[in-house]
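data36.tsv follows (TSV, C-alpha atoms):
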chain	number	residue	atom	x	y	z
A	1	MET	CA	64.02	105.80	120.56
A	2	TRP	CA	66.61	106.35	117.83
A	3	VAL	CA	68.26	109.02	119.98
A	4	VAL	CA	68.89	106.50	122.77
A	5	PHE	CA	70.61	104.16	120.30
A	6	ALA	CA	72.59	107.05	118.79
A	7	VAL	CA	73.85	108.10	122.25
A	8	MET	CA	74.71	104.49	123.08
A	9	SER	CA	76.60	104.30	119.78
A	10	ALA	CA	78.64	107.36	120.75
A	11	VAL	CA	79.45	105.89	124.18
A	12	PHE	CA	80.54	102.57	122.69
A	13	ALA	CA	82.56	104.35	119.98
A	14	ALA	CA	84.38	106.31	122.69
A	15	LEU	CA	85.11	103.11	124.59
A	16	THR	CA	86.29	101.51	121.35
A	17	SER	CA	88.99	104.14	120.92
A	18	ILE	CA	90.30	103.85	124.47
A	19	LEU	CA	90.18	100.05	124.59
A	20	ALA	CA	91.77	99.78	121.12
A	21	LYS	CA	94.66	102.09	122.02
A	22	VAL	CA	95.50	99.94	125.04
A	23	GLY	CA	94.96	96.66	123.17
A	24	ILE	CA	96.93	97.57	120.07
A	25	GLU	CA	100.17	98.13	121.96
A	26	GLY	CA	102.75	95.77	120.50
A	27	VAL	CA	100.26	94.31	117.99
A	28	ASP	CA	100.26	94.88	114.23
A	29	SER	CA	97.36	97.21	113.42
A	30	ASN	CA	96.05	94.96	110.62
A	31	LEU	CA	96.09	91.91	112.90
A	32	ALA	CA	94.32	93.91	115.62
A	33	THR	CA	91.65	94.98	113.13
A	34	ALA	CA	91.14	91.38	112.02
A	35	LEU	CA	90.76	90.20	115.62
A	36	ARG	CA	88.28	92.99	116.35
A	37	THR	CA	86.34	92.04	113.22
A	38	VAL	CA	86.01	88.41	114.37
A	39	VAL	CA	84.47	89.62	117.64
A	40	VAL	CA	82.12	92.02	115.83
A	41	LEU	CA	81.11	89.24	113.42
A	42	ALA	CA	80.32	86.84	116.27
A	43	VAL	CA	78.28	89.45	118.15
A	44	ALA	CA	76.38	90.53	115.02
A	45	TRP	CA	75.44	86.96	114.03
A	46	GLY	CA	74.59	86.22	117.66
A	47	MET	CA	72.08	89.09	117.58
A	48	VAL	CA	70.66	87.86	114.26
A	49	PHE	CA	69.97	84.41	115.71
A	50	LEU	CA	68.85	85.77	119.09
A	51	THR	CA	66.21	87.93	117.39
A	52	GLY	CA	65.26	85.29	114.82
A	53	ALA	CA	66.14	87.50	111.87
A	54	GLN	CA	68.21	84.90	109.99
A	55	GLY	CA	65.31	83.97	107.69
A	56	GLY	CA	65.34	87.44	106.18
A	57	VAL	CA	68.66	86.82	104.44
A	58	PHE	CA	66.86	85.16	101.51
A	59	SER	CA	64.58	88.13	100.87
A	60	ILE	CA	67.32	90.75	100.54
A	61	SER	CA	67.31	92.39	97.11
A	62	ARG	CA	70.33	92.42	94.80
A	63	LYS	CA	70.60	96.20	95.23
A	64	SER	CA	70.68	95.85	99.01
A	65	TRP	CA	73.34	93.11	98.78
A	66	VAL	CA	75.53	95.36	96.62
A	67	PHE	CA	75.21	98.40	98.87
A	68	LEU	CA	75.63	96.39	102.07
A	69	ALA	CA	78.78	94.83	100.60
A	70	LEU	CA	80.10	98.26	99.62
A	71	SER	CA	79.29	99.51	103.12
A	72	GLY	CA	81.22	96.57	104.54
A	73	LEU	CA	84.23	97.41	102.37
A	74	ALA	CA	84.07	101.03	103.52
A	75	THR	CA	83.82	99.88	107.14
A	76	GLY	CA	86.82	97.60	106.75
A	77	ALA	CA	88.89	100.35	105.15
A	78	SER	CA	87.85	102.75	107.91
A	79	TRP	CA	88.80	100.31	110.64
A	80	LEU	CA	92.17	99.48	109.06
A	81	CYS	CA	93.02	103.17	108.75
A	82	TYR	CA	91.71	103.98	112.23
A	83	TYR	CA	93.74	101.27	113.94
A	84	ARG	CA	96.90	102.31	112.08
A	85	ALA	CA	96.28	105.93	113.08
A	86	LEU	CA	95.76	104.86	116.70
A	87	GLN	CA	98.98	102.90	116.62
A	88	LEU	CA	100.89	105.93	115.36
A	89	GLY	CA	99.13	108.77	117.17
A	90	GLU	CA	97.40	109.85	120.36
A	91	VAL	CA	93.74	108.89	120.79
A	92	SER	CA	92.92	112.48	121.75
A	93	ARG	CA	94.13	113.63	118.31
A	94	VAL	CA	93.08	110.65	116.17
A	95	ALA	CA	89.47	110.41	117.41
A	96	PRO	CA	88.44	113.99	116.55
A	97	ILE	CA	89.78	113.64	113.01
A	98	ASP	CA	87.93	110.34	112.67
A	99	LYS	CA	84.75	112.11	113.73
A	100	LEU	CA	85.05	114.42	110.74
A	101	SER	CA	83.04	111.57	109.26
A	102	VAL	CA	80.01	113.38	110.72
A	103	VAL	CA	80.69	116.40	108.52
A	104	LEU	CA	81.40	114.24	105.48
A	105	THR	CA	78.25	112.19	106.12
A	106	LEU	CA	76.07	115.30	106.22
A	107	VAL	CA	77.54	116.55	102.94
A	108	LEU	CA	77.25	113.15	101.24
A	109	ALA	CA	73.67	112.74	102.48
A	110	PHE	CA	72.84	116.09	100.90
A	111	VAL	CA	74.55	115.28	97.59
A	112	PHE	CA	73.55	111.63	97.12
A	113	LEU	CA	70.42	111.13	99.24
A	114	HIS	CA	69.01	114.62	98.65
A	115	GLU	CA	68.49	115.17	102.36
A	116	ARG	CA	67.86	118.70	103.55
A	117	PHE	CA	70.93	120.86	104.08
A	118	THR	CA	69.82	123.88	106.04
A	119	LEU	CA	71.62	126.89	107.40
A	120	ARG	CA	71.55	125.13	110.77
A	121	SER	CA	73.20	121.95	109.43
A	122	ALA	CA	75.75	124.03	107.50
A	123	ALA	CA	76.63	125.94	110.67
A	124	GLY	CA	76.91	122.64	112.55
A	125	CYS	CA	79.28	121.28	109.90
A	126	VAL	CA	81.47	124.38	110.13
A	127	LEU	CA	81.54	124.23	113.93
A	128	LEU	CA	82.33	120.49	113.95
A	129	ALA	CA	85.14	120.99	111.45
A	130	ALA	CA	86.52	123.96	113.41
A	131	GLY	CA	86.35	122.00	116.66
A	132	THR	CA	88.11	119.07	115.07
A	133	LEU	CA	90.92	121.28	113.84
A	134	MET	CA	91.27	122.83	117.30
A	135	LEU	CA	91.49	119.42	118.98
A	136	ALA	CA	93.66	117.66	116.45
A	137	LEU	CA	96.26	120.25	115.53
Transcribe the structure of this file into structure tokens.
Amino acid sequence: MWVVFAVMSAVFAALTSILAKVGIEGVDSNLATALRTVVVLAVAWGMVFLTGAQGGVFSISRKSWVFLALSGLATGASWLCYYRALQLGEVSRVAPIDKLSVVLTLVLAFVFLHERFTLRSAAGCVLLAAGTLMLAL
């Protein structure tokens, strides 16, 4: 089932880039990011209440709070940079560079989470990086 959600994530991420490029025209990139964030916030809390998960907020550990907050800061920084890049560049060049996050994620998961890094995943990282360079440069 996780594969279905991962594919849906990729589809929505692709739509995000196209819709953002059209929507950001004539709008400050920081303002556009803030507006997008309000929509994301409303949808996320809507899902929390729709699924009845709001009671779980009181059982979240301090460690989880810290790492979720850090993740939120990283997300915000990513979005601010992404929208600025979209404002200045072509989607077809910005998006592939943004997706280098896949390569970086694999490396960071190996270093910090001690996940397996096999010959296959190393080859995939090299191919993703090479493909990104071909598309973006």
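The residue that comes closest to Leu80 in chain A, out of A:Cys125, A:Thr132, A:Ala10, A:Ser29 and on the basis of all atoms listed in the file, is A:Ser29.
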Subject >> A:Gly56, A:Asp98, A:Leu35, A:Leu70 ranked by distance to Leu86 in chain A, top pick (using all atoms listed in the file) >> reply: A:Asp98
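CA of Phe12 in chain A is positioned 21.2 Å from CA of Gly131 in chain A.
With distances restricted to all atoms listed in the file, A:Ile18 is the closest residue to Val91 in chain A from A:Val57, A:Val39, A:Leu31, A:Ile18.
Between Thr16 in chain A and the residues A:Ala123, A:Phe117, A:Leu108, A:Ala95, the shortest atom-to-atom distance, using all atoms listed in the file, involves A:Ala95.
CA of Tyr82 in chain A is found 14.0 Å from CA of Val22 in chain A.
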Original post:
Quick one: distance from CA of Val7 in chain A to CA of Gly89 in chain A in Å, one decimal?
Top reply: 25.8 Å
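With distances restricted to only C-alpha atoms, A:Thr75 is the closest residue to Val40 in chain A from A:Thr75, A:Ser64, A:Ser121, A:Gln54.
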**OP:** May I ask which of the residues A:Ala109, A:Leu100, A:Arg116, A:Ala14 is the closest one to Leu135 in chain A, counting only C-alpha atoms?
**Re:** A:Leu100
